[in-house]
Each structure stands twice: as structure tokens, then as C-alpha cells.
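Below: target04.tsv (TSV, C-alpha atoms and all ligand atoms)
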chain	number	residue	atom	x	y	z
L	1	MET	CA	54.93	-15.65	-6.38
L	2	LEU	CA	53.19	-14.94	-9.74
L	3	ILE	CA	52.18	-18.58	-10.22
L	4	LYS	CA	50.89	-18.72	-6.68
L	5	LYS	CA	48.75	-15.64	-7.23
L	6	ARG	CA	47.29	-17.10	-10.43
L	7	ASP	CA	46.61	-20.41	-8.67
L	8	LEU	CA	44.86	-18.58	-5.88
L	9	PHE	CA	42.68	-16.67	-8.38
L	10	SER	CA	41.70	-19.81	-10.29
L	11	PHE	CA	40.99	-21.63	-7.01
L	12	LEU	CA	38.72	-18.76	-5.92
L	13	PHE	CA	37.05	-18.70	-9.33
L	14	TYR	CA	36.25	-22.43	-9.22
L	15	LEU	CA	35.12	-22.19	-5.61
L	16	LEU	CA	32.71	-19.39	-6.52
L	17	ALA	CA	31.41	-21.33	-9.52
L	18	ILE	CA	30.82	-24.44	-7.37
L	19	LEU	CA	29.14	-22.41	-4.62
L	20	SER	CA	26.82	-20.63	-7.05
L	21	THR	CA	25.86	-23.95	-8.72
L	22	LEU	CA	25.17	-25.48	-5.31
L	23	SER	CA	23.11	-22.52	-4.17
L	24	CYS	CA	21.04	-22.73	-7.39
L	25	LYS	CA	20.50	-26.48	-6.83
L	26	PHE	CA	19.44	-25.88	-3.20
L	27	ARG	CA	17.07	-23.14	-4.27
L	28	GLN	CA	15.58	-25.42	-6.95
L	29	ILE	CA	15.10	-28.19	-4.37
L	30	ALA	CA	13.66	-25.72	-1.83
L	31	VAL	CA	11.07	-24.43	-4.29
L	32	MET	CA	10.29	-27.76	-5.96
L	33	ILE	CA	6.56	-27.51	-6.40
L	34	LYS	CA	4.25	-30.49	-6.72
L	35	ARG	CA	0.98	-30.17	-8.57
L	36	LYS	CA	-2.31	-32.05	-8.55
L	37	LEU	CA	-5.95	-31.60	-9.42
L	38	ILE	CA	-8.54	-31.63	-6.64
L	39	ASP	CA	-12.05	-32.00	-7.98
L	40	GLY	CA	-10.64	-30.80	-11.31
L	41	TYR	CA	-9.05	-27.66	-9.85
L	42	PRO	CA	-5.26	-27.13	-9.87
L	43	PHE	CA	-3.44	-27.20	-6.51
L	44	ILE	CA	0.26	-26.76	-5.73
L	45	THR	CA	2.31	-27.57	-2.65
L	46	TYR	CA	3.33	-24.64	-0.49
L	47	THR	CA	6.26	-24.52	1.90
L	48	LYS	CA	7.33	-21.76	4.22
L	49	GLU	CA	10.74	-21.53	5.78
L	50	LYS	CA	10.53	-22.37	9.50
L	51	ILE	CA	12.20	-19.84	11.74
L	52	ASP	CA	13.31	-20.67	15.29
L	53	SER	CA	11.53	-18.88	18.15
L	54	LYS	CA	14.42	-16.58	19.03
L	55	ASP	CA	14.77	-15.41	15.45
L	56	MET	CA	11.00	-15.01	15.12
L	57	ILE	CA	10.92	-12.68	18.13
L	58	ILE	CA	13.74	-10.59	16.67
L	59	ARG	CA	12.15	-10.46	13.21
L	60	SER	CA	8.68	-9.58	14.46
L	61	LYS	CA	10.09	-6.89	16.76
L	62	ASP	CA	12.20	-5.45	13.94
L	63	PHE	CA	9.16	-5.40	11.65
L	64	PHE	CA	7.05	-3.68	14.30
L	65	ASN	CA	9.76	-1.05	14.91
L	66	TRP	CA	10.02	-0.42	11.19
L	67	MET	CA	6.25	-0.24	10.62
L	68	ASN	CA	5.96	2.01	13.65
L	69	GLU	CA	8.03	4.56	11.71
L	70	ARG	CA	5.32	4.88	9.06
L	71	ARG	CA	3.45	8.14	9.34
L	72	THR	CA	0.72	9.88	7.42
L	73	VAL	CA	2.21	12.88	5.68
L	74	ARG	CA	0.48	16.00	4.38
L	75	ASP	CA	3.58	17.96	3.23
L	76	PHE	CA	4.76	16.43	-0.04
L	77	SER	CA	7.70	17.17	-2.32
L	78	ASP	CA	6.99	17.38	-6.06
L	79	GLU	CA	10.13	15.34	-6.80
L	80	PRO	CA	9.37	12.71	-9.44
L	81	VAL	CA	9.25	9.02	-8.49
L	82	PRO	CA	10.04	6.28	-11.03
L	83	LYS	CA	6.88	4.76	-12.50
L	84	GLU	CA	8.27	1.27	-11.89
L	85	VAL	CA	8.22	1.91	-8.13
L	86	ILE	CA	4.52	2.69	-8.27
L	87	GLU	CA	3.91	-0.41	-10.41
L	88	ASN	CA	5.69	-2.57	-7.83
L	89	ILE	CA	3.70	-0.96	-5.01
L	90	LEU	CA	0.44	-1.74	-6.80
L	91	LEU	CA	1.51	-5.33	-7.47
L	92	THR	CA	2.27	-5.67	-3.75
L	93	ALA	CA	-1.16	-4.31	-2.80
L	94	SER	CA	-2.75	-6.82	-5.13
L	95	THR	CA	-1.12	-9.73	-3.25
L	96	ALA	CA	-3.66	-9.06	-0.48
L	97	PRO	CA	-6.18	-11.75	0.35
L	98	SER	CA	-9.70	-11.10	-0.91
L	99	GLY	CA	-13.13	-12.67	-0.54
L	100	ALA	CA	-13.28	-15.72	-2.88
L	101	HIS	CA	-10.10	-14.32	-4.49
L	102	LYS	CA	-12.11	-11.79	-6.48
L	103	GLN	CA	-9.49	-9.03	-6.02
L	104	PRO	CA	-12.29	-6.45	-6.09
L	105	TRP	CA	-10.12	-3.39	-6.64
L	106	THR	CA	-8.84	-1.06	-9.35
L	107	PHE	CA	-5.93	1.24	-8.57
L	108	CYS	CA	-6.16	4.39	-10.69
L	109	VAL	CA	-2.88	6.29	-10.90
L	110	VAL	CA	-3.01	9.99	-11.75
L	111	GLN	CA	0.14	11.84	-12.83
L	112	ASN	CA	-1.47	14.28	-15.24
L	113	ALA	CA	-1.23	17.84	-13.85
L	114	ASP	CA	-4.59	18.95	-15.30
L	115	LEU	CA	-6.41	16.00	-13.85
L	116	LYS	CA	-4.72	16.48	-10.47
L	117	LYS	CA	-5.89	20.11	-10.51
L	118	GLN	CA	-9.48	19.05	-11.27
L	119	ILE	CA	-9.34	16.46	-8.46
L	120	ARG	CA	-7.99	19.08	-6.05
L	121	GLN	CA	-10.71	21.58	-6.97
L	122	ALA	CA	-13.49	19.00	-6.57
L	123	ALA	CA	-12.03	17.65	-3.31
L	124	GLU	CA	-11.63	21.14	-1.84
L	125	LYS	CA	-15.22	21.96	-2.74
L	126	GLU	CA	-16.44	18.94	-0.76
L	127	GLU	CA	-13.97	19.51	2.07
L	128	TRP	CA	-14.98	23.18	2.38
L	129	GLU	CA	-18.55	22.01	2.94
L	130	SER	CA	-17.38	19.41	5.44
L	131	TYR	CA	-15.30	21.83	7.51
L	132	ASN	CA	-17.92	24.58	7.31
L	133	GLY	CA	-21.06	22.94	8.63
L	134	ARG	CA	-21.34	19.39	7.28
L	135	LEU	CA	-19.18	17.69	9.93
L	136	PRO	CA	-20.60	17.36	13.44
L	137	ALA	CA	-18.83	19.24	16.27
L	138	GLU	CA	-17.37	16.04	17.76
L	139	TRP	CA	-15.75	15.07	14.47
L	140	LEU	CA	-14.27	18.56	14.02
L	141	ALA	CA	-12.93	18.41	17.60
L	142	ASP	CA	-11.34	15.01	16.90
L	143	LEU	CA	-9.62	16.46	13.83
L	144	ARG	CA	-8.23	19.48	15.68
L	145	PRO	CA	-5.03	17.73	16.92
L	146	LEU	CA	-4.26	16.92	13.27
L	147	GLN	CA	-4.80	20.55	12.20
L	148	THR	CA	-6.36	19.48	8.92
L	149	ASP	CA	-8.59	21.87	6.99
L	150	TRP	CA	-10.39	22.12	3.63
L	151	LYS	CA	-7.21	23.07	1.70
L	152	LYS	CA	-5.65	20.10	-0.11
L	153	ASP	CA	-2.64	21.46	-2.02
L	154	PHE	CA	-0.91	18.06	-1.70
L	155	LEU	CA	-3.35	16.80	-4.36
L	156	GLU	CA	-1.35	18.83	-6.89
L	157	THR	CA	2.10	18.62	-5.27
L	158	ALA	CA	2.48	14.86	-4.87
L	159	PRO	CA	3.79	13.26	-8.08
L	160	TYR	CA	1.16	10.50	-7.96
L	161	LEU	CA	-2.39	10.18	-6.76
L	162	ILE	CA	-3.48	6.58	-6.32
L	163	ILE	CA	-7.26	6.30	-6.22
L	164	VAL	CA	-8.49	2.93	-5.05
L	165	PHE	CA	-11.83	1.85	-6.45
L	166	LYS	CA	-13.89	-0.91	-4.84
L	167	LYS	CA	-15.78	-3.26	-7.15
L	168	SER	CA	-19.09	-4.15	-5.56
L	169	TYR	CA	-19.59	-6.55	-8.45
L	170	GLU	CA	-17.72	-7.52	-11.62
L	171	VAL	CA	-18.87	-7.60	-15.19
L	172	ILE	CA	-17.48	-10.61	-17.03
L	173	GLU	CA	-18.63	-11.29	-20.58
L	174	GLU	CA	-21.50	-8.84	-20.01
L	175	LYS	CA	-22.70	-10.81	-16.97
L	176	LYS	CA	-22.84	-9.40	-13.44
L	177	ARG	CA	-20.69	-11.51	-11.09
L	178	ASN	CA	-20.58	-11.08	-7.33
L	179	THR	CA	-17.61	-9.98	-5.30
L	180	TYR	CA	-17.51	-10.83	-1.59
L	181	TYR	CA	-16.43	-8.73	1.38
L	182	ALA	CA	-15.24	-6.04	-1.02
L	183	VAL	CA	-14.81	-3.45	1.77
L	184	GLU	CA	-12.70	-5.77	3.92
L	185	SER	CA	-10.67	-6.89	0.89
L	186	CYS	CA	-9.95	-3.33	-0.27
L	187	GLY	CA	-9.03	-2.32	3.31
L	188	ILE	CA	-6.44	-5.09	3.50
L	189	ALA	CA	-5.11	-4.22	0.03
L	190	VAL	CA	-4.64	-0.59	1.08
L	191	GLY	CA	-2.81	-1.82	4.20
L	192	PHE	CA	-0.41	-3.72	1.96
L	193	LEU	CA	-0.18	-0.67	-0.31
L	194	LEU	CA	0.82	1.58	2.61
L	195	ALA	CA	3.43	-0.94	3.78
L	196	ALA	CA	4.88	-1.12	0.25
L	197	ILE	CA	5.00	2.69	0.00
L	198	HIS	CA	6.83	2.80	3.34
L	199	LYS	CA	9.24	0.08	2.19
L	200	ALA	CA	10.04	2.07	-0.98
L	201	GLY	CA	11.05	5.07	1.16
L	202	LEU	CA	8.02	7.08	0.11
L	203	VAL	CA	5.13	8.55	2.06
L	204	ALA	CA	1.38	8.71	1.60
L	205	LEU	CA	-1.76	10.26	2.96
L	206	THR	CA	-4.85	8.11	3.36
L	207	HIS	CA	-7.38	10.65	2.18
L	208	THR	CA	-11.19	10.48	2.15
L	209	PRO	CA	-12.62	13.70	0.67
L	210	SER	CA	-16.22	13.01	1.49
L	211	PRO	CA	-18.39	12.35	-0.49
L	212	MET	CA	-15.96	10.94	-3.08
L	213	ASN	CA	-18.28	10.31	-6.02
L	214	PHE	CA	-16.63	13.10	-8.03
L	215	LEU	CA	-13.63	10.76	-8.44
L	216	ALA	CA	-15.68	8.16	-10.34
L	217	LYS	CA	-16.91	10.90	-12.68
L	218	LEU	CA	-13.53	12.57	-13.24
L	219	LEU	CA	-11.82	9.25	-13.90
L	220	ASN	CA	-14.70	7.90	-15.95
L	221	ARG	CA	-14.97	4.69	-13.94
L	222	PRO	CA	-17.59	2.05	-14.75
L	223	GLU	CA	-20.81	1.73	-12.74
L	224	ASN	CA	-19.56	-1.21	-10.63
L	225	GLU	CA	-16.59	0.75	-9.20
L	226	LYS	CA	-16.97	3.06	-6.20
L	227	PRO	CA	-14.18	5.29	-4.89
L	228	PHE	CA	-12.66	3.78	-1.74
L	229	LEU	CA	-9.61	5.89	-0.85
L	230	LEU	CA	-7.41	8.53	-2.41
L	231	LEU	CA	-3.70	8.38	-1.66
L	232	PRO	CA	-1.21	11.05	-2.69
L	233	VAL	CA	2.17	9.29	-2.88
L	234	GLY	CA	5.66	10.73	-3.12
L	235	TYR	CA	8.59	11.96	-1.07
L	236	ALA	CA	8.06	13.91	2.11
L	237	ALA	CA	8.76	17.64	1.70
L	238	ASP	CA	12.13	18.84	3.03
L	239	GLU	CA	10.23	20.57	5.80
L	240	CYS	CA	7.51	18.17	6.79
L	241	TRP	CA	5.42	18.51	9.95
L	242	ILE	CA	3.35	15.70	11.41
L	243	PRO	CA	1.24	15.58	14.58
L	244	ASP	CA	3.13	14.16	17.56
L	245	LEU	CA	0.79	11.21	18.16
L	246	ASP	CA	0.99	8.24	20.54
L	247	ARG	CA	-0.17	4.80	19.52
L	248	LYS	CA	-2.25	2.65	21.88
L	249	GLY	CA	-0.30	0.00	23.76
L	250	LEU	CA	-0.96	-3.74	23.63
L	251	ASP	CA	-3.11	-3.56	26.76
L	252	ARG	CA	-5.54	-1.22	24.96
L	253	ILE	CA	-5.65	-2.92	21.57
L	254	SER	CA	-5.90	-6.56	22.57
L	255	ALA	CA	-7.89	-8.98	24.71
L	256	TRP	CA	-6.41	-12.42	25.35
L	257	TYR	CA	-8.46	-15.52	26.22
I	301	LIG	C1	-9.82	5.44	6.45
I	301	LIG	C2	-8.96	6.63	6.74
I	301	LIG	C3	-9.34	7.87	6.29
I	301	LIG	C4	-8.53	8.98	6.51
I	301	LIG	N1	-8.91	10.19	5.98
I	301	LIG	C5	-8.08	11.24	6.11
I	301	LIG	C6	-8.39	12.47	5.46
I	301	LIG	O1	-9.38	12.58	4.74
I	301	LIG	N2	-7.55	13.51	5.62
I	301	LIG	C7	-6.41	13.42	6.38
I	301	LIG	O2	-5.69	14.41	6.48
I	301	LIG	N3	-6.07	12.25	6.98
I	301	LIG	C8	-6.87	11.17	6.86
I	301	LIG	N4	-6.51	9.97	7.42
I	301	LIG	C9	-5.23	9.84	8.11
I	301	LIG	C10	-5.37	9.75	9.62
I	301	LIG	O3	-5.68	11.03	10.13
I	301	LIG	C11	-4.07	9.21	10.21
I	301	LIG	O4	-3.89	7.90	9.76
I	301	LIG	C12	-4.10	9.22	11.73
I	301	LIG	O5	-4.13	10.54	12.18
I	301	LIG	C13	-2.92	8.50	12.34
I	301	LIG	O6	-1.72	9.02	11.87
I	301	LIG	P1	-0.59	8.07	11.26
I	301	LIG	O7	-1.15	7.49	10.00
I	301	LIG	O8	0.59	8.98	11.06
I	301	LIG	O9	-0.32	6.97	12.26
I	301	LIG	C14	-7.31	8.85	7.23
I	301	LIG	C15	-6.94	7.57	7.67
I	301	LIG	C16	-7.74	6.48	7.43
I	301	LIG	C17	-7.27	5.12	7.87
Represent the structure of the file as C-alpha cells.
Amino acid sequence: MLIKKRDLFSFLFYLLAILSTLSCKFRQIAVMIKRKLIDGYPFITYTKEKIDSKDMIIRSKDFFNWMNERRTVRDFSDEPVPKEVIENILLTASTAPSGAHKQPWTFCVVQNADLKKQIRQAAEKEEWESYNGRLPAEWLADLRPLQTDWKKDFLETAPYLIIVFKKSYEVIEEKKRNTYYAVESCGIAVGFLLAAIHKAGLVALTHTPSPMNFLAKLLNRPENEKPFLLLPVGYAADECWIPDLDRKGLDRISAWY
């Protein structure tokens, strides 16, 4: 019985070793990349796993259901989040496509309590103006279902504030270089950012304290960077309330030709 047991273990061990070698080989073959120069510029081959229609429908539906669970949150916990998570989220955002691949964004991450306090004070000053005369009546009416106001305590509670800056141009070796479609590019990057935050099990608020120029000053950003969005990121508070909103159906968001 003992010998048999040992034989079984060594058989399993060898089987596992063979399987792992094979899987490595298959992976190497699957990702074998060819390279060439086109007009002097490096190109590589790209392959994407083909999924059958049935599986595609399931995957796309699952992804929609999961993304549909993302919500904007305004009640944050102050529980710390590992820095590496935020780094991974930023790397994900930066995989977004961008005009002429200029990646015209800088993600500023604020953890420092003093700086968060200064940002809150400056944001609340602007927001007080907005809610007390600067915003037109229609805008205020549209905000009523969200029950937002000038108070922004989440700017101090959330463990991280990510401030996205849009580069309307770049400065390389002291020369001004164009970026292209910087607004569109930053918008897509923030979409990726929000998806990555959701995937990590965290929540965010897409915040636009308007006007946002105080952020460039407080964070000492260069002339070519303009504040785009401010996102507090962290865990949802234990008691977290969100507006009970509906999302438009396919018939209202699409036109097919
Ligand atoms: C560009 C943009 C700016 C926004 N600005 C604010 C803001 O300043 N304050 C706020 O509380 N929510 C803001 N929001 C969040 C929206 O109110 C929220 O996305 C919307 O109500 C839908 O809710 P959901 O994200 O949970 O689907 C903003 C969203 C976007 C996309």
C-alpha cells in the first residue's frame, strides 16, 4: 500500500511538471511576436484570442452587468488603501488610446492631509459660489435629485485624491510639442481609471469643482497642464447613500443604420 501511495505521488508530480512545461510552451508559442521595421519604425505582430459567438455574448453581458454595478459615491471611508493598488489603477488608465499616442495626461495623487485640507477649502469656496448664485436655475434643478451641495468633506475623508491634468501641449527639450484631441484622450483615460477603481473593489467620485484652476496652483503644475477632473478614491463608507437612478435603455442611447 505504501509503495503504491509513493508511486501515485511521483506519478502526479511528473504529470504536473509535464503539464506546466507544456502550458509554458503553449503560452510562448501563443505570444510569439514577430518584429519588422516599416519606413524605419518598429512594428510587432498582434494577435487576439478569438472567442466563439456564444461565449462572446456571455462575456459581454457579464461585463455589462458588472460595470452596471459601478456607482458614483460621495460617502467615503477613511480606511487606507495600499499604494500599489493606486499605482496599478493609474497604469491601467494610461493604457487608454490617445491622439497620436501623446498620452496627454498627468495623474497627481494626493495623500497628504494638509494638502487635502487646502484642496477642500479651495473647492468649497468655489462650490459655495456655484450653489449660491453662479449656477443657473436649470442646472441647480438638475442637481437636486443628487442632493449635492457646496460641502465637500469627502475631499478630506477619502484616502486618495487623484487629480487628472490635461496637457494641451508638451514641453520636450525646451520645445513646445503639440498634443492632439487632449480632451477626448483624457476622457477615455478617466473611463479606464473608473473601471480599474471598480475592479479593485474601490469607489470614486468624478468631481468638477468649477472653476478648477486652484488645483494647478496648489499642486504647482506647469503651464501646459490644466486640471481636468478630481477623483476622491477609497472604500465606500459603511453607511453609504447613493441616488436611486435609472440608466437609459438601448433604445434611447443608440441609433442603428
Ligand atoms: C464630467 C463629470 C463631472 C461630474 N461632476 C460632479 C461633481 O462635481 N460633483 C458630484 O457630486 N458629482 C459629479 N459627477 C458625478 C455624476 O453626478 C454621476 O456620474 C451621475 O449622477 C450618475 O451617477 P453614477 O455615476 O452613479 O452612474 C460628475 C460626473 C461626470 C462624468
Within 7 Å of ligand LIG 301 (chain I), which residues of chain L come that close, and what is the closest atom pair and distance in Å for each? Count all atoms listed in the file and give it as CSV.
residue,atom,partner,partner_atom,distance
L:Arg70,CA,I:LIG301,O8,6.6
L:Arg71,CA,I:LIG301,O8,3.4
L:Thr72,CA,I:LIG301,O8,3.8
L:Val73,CA,I:LIG301,O8,6.8
L:Arg74,CA,I:LIG301,O2,6.7
L:Leu146,CA,I:LIG301,O5,6.5
L:Thr148,CA,I:LIG301,O2,5.7
L:Leu205,CA,I:LIG301,N3,6.2
L:Thr206,CA,I:LIG301,C14,4.6
L:His207,CA,I:LIG301,O1,3.8
L:Thr208,CA,I:LIG301,O1,3.8
L:Pro209,CA,I:LIG301,O1,5.3
Contacts of segment 72-148 of chain L with segment 165-173 of chain L up to 12 Å, shortest pair per row, all atoms listed in the file, as a tab-separated table:
residue	atom	partner	partner_atom	distance
L:Ser98	CA	L:Lys166	CA	11.7
L:Gly99	CA	L:Ser168	CA	11.5
L:Lys102	CA	L:Glu170	CA	8.7
L:Gln103	CA	L:Lys167	CA	8.6
L:Pro104	CA	L:Lys167	CA	4.8
L:Trp105	CA	L:Lys166	CA	4.9
L:Thr106	CA	L:Phe165	CA	5.1
L:Phe107	CA	L:Phe165	CA	6.3
L:Cys108	CA	L:Phe165	CA	7.5
L:Val109	CA	L:Phe165	CA	10.9
For Leu245 of chain L, which residue out of L:Pro145, L:Pro232, L:Gly191, L:Pro211 is the nearest one, using all atoms listed in the file?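 Looking at the shortest contact to Leu245 of chain L, the residue is L:Pro145.
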Shell of 9 Å around Ile197 of chain L, all atoms listed in the file, local chain residues under 3 positions omitted, as a PyMOL selection string: chain L and resi 85-86+89+192-194+200-204+233-234
Need the shell around Glu156 of chain L: protein/DNA/RNA residues with any atom at most 6 Å away, counting all atoms listed in the file. Skip same-chain ones fewer than 3 positions apart. Format as a PyMOL selection string? chain L and resi 116-117+153
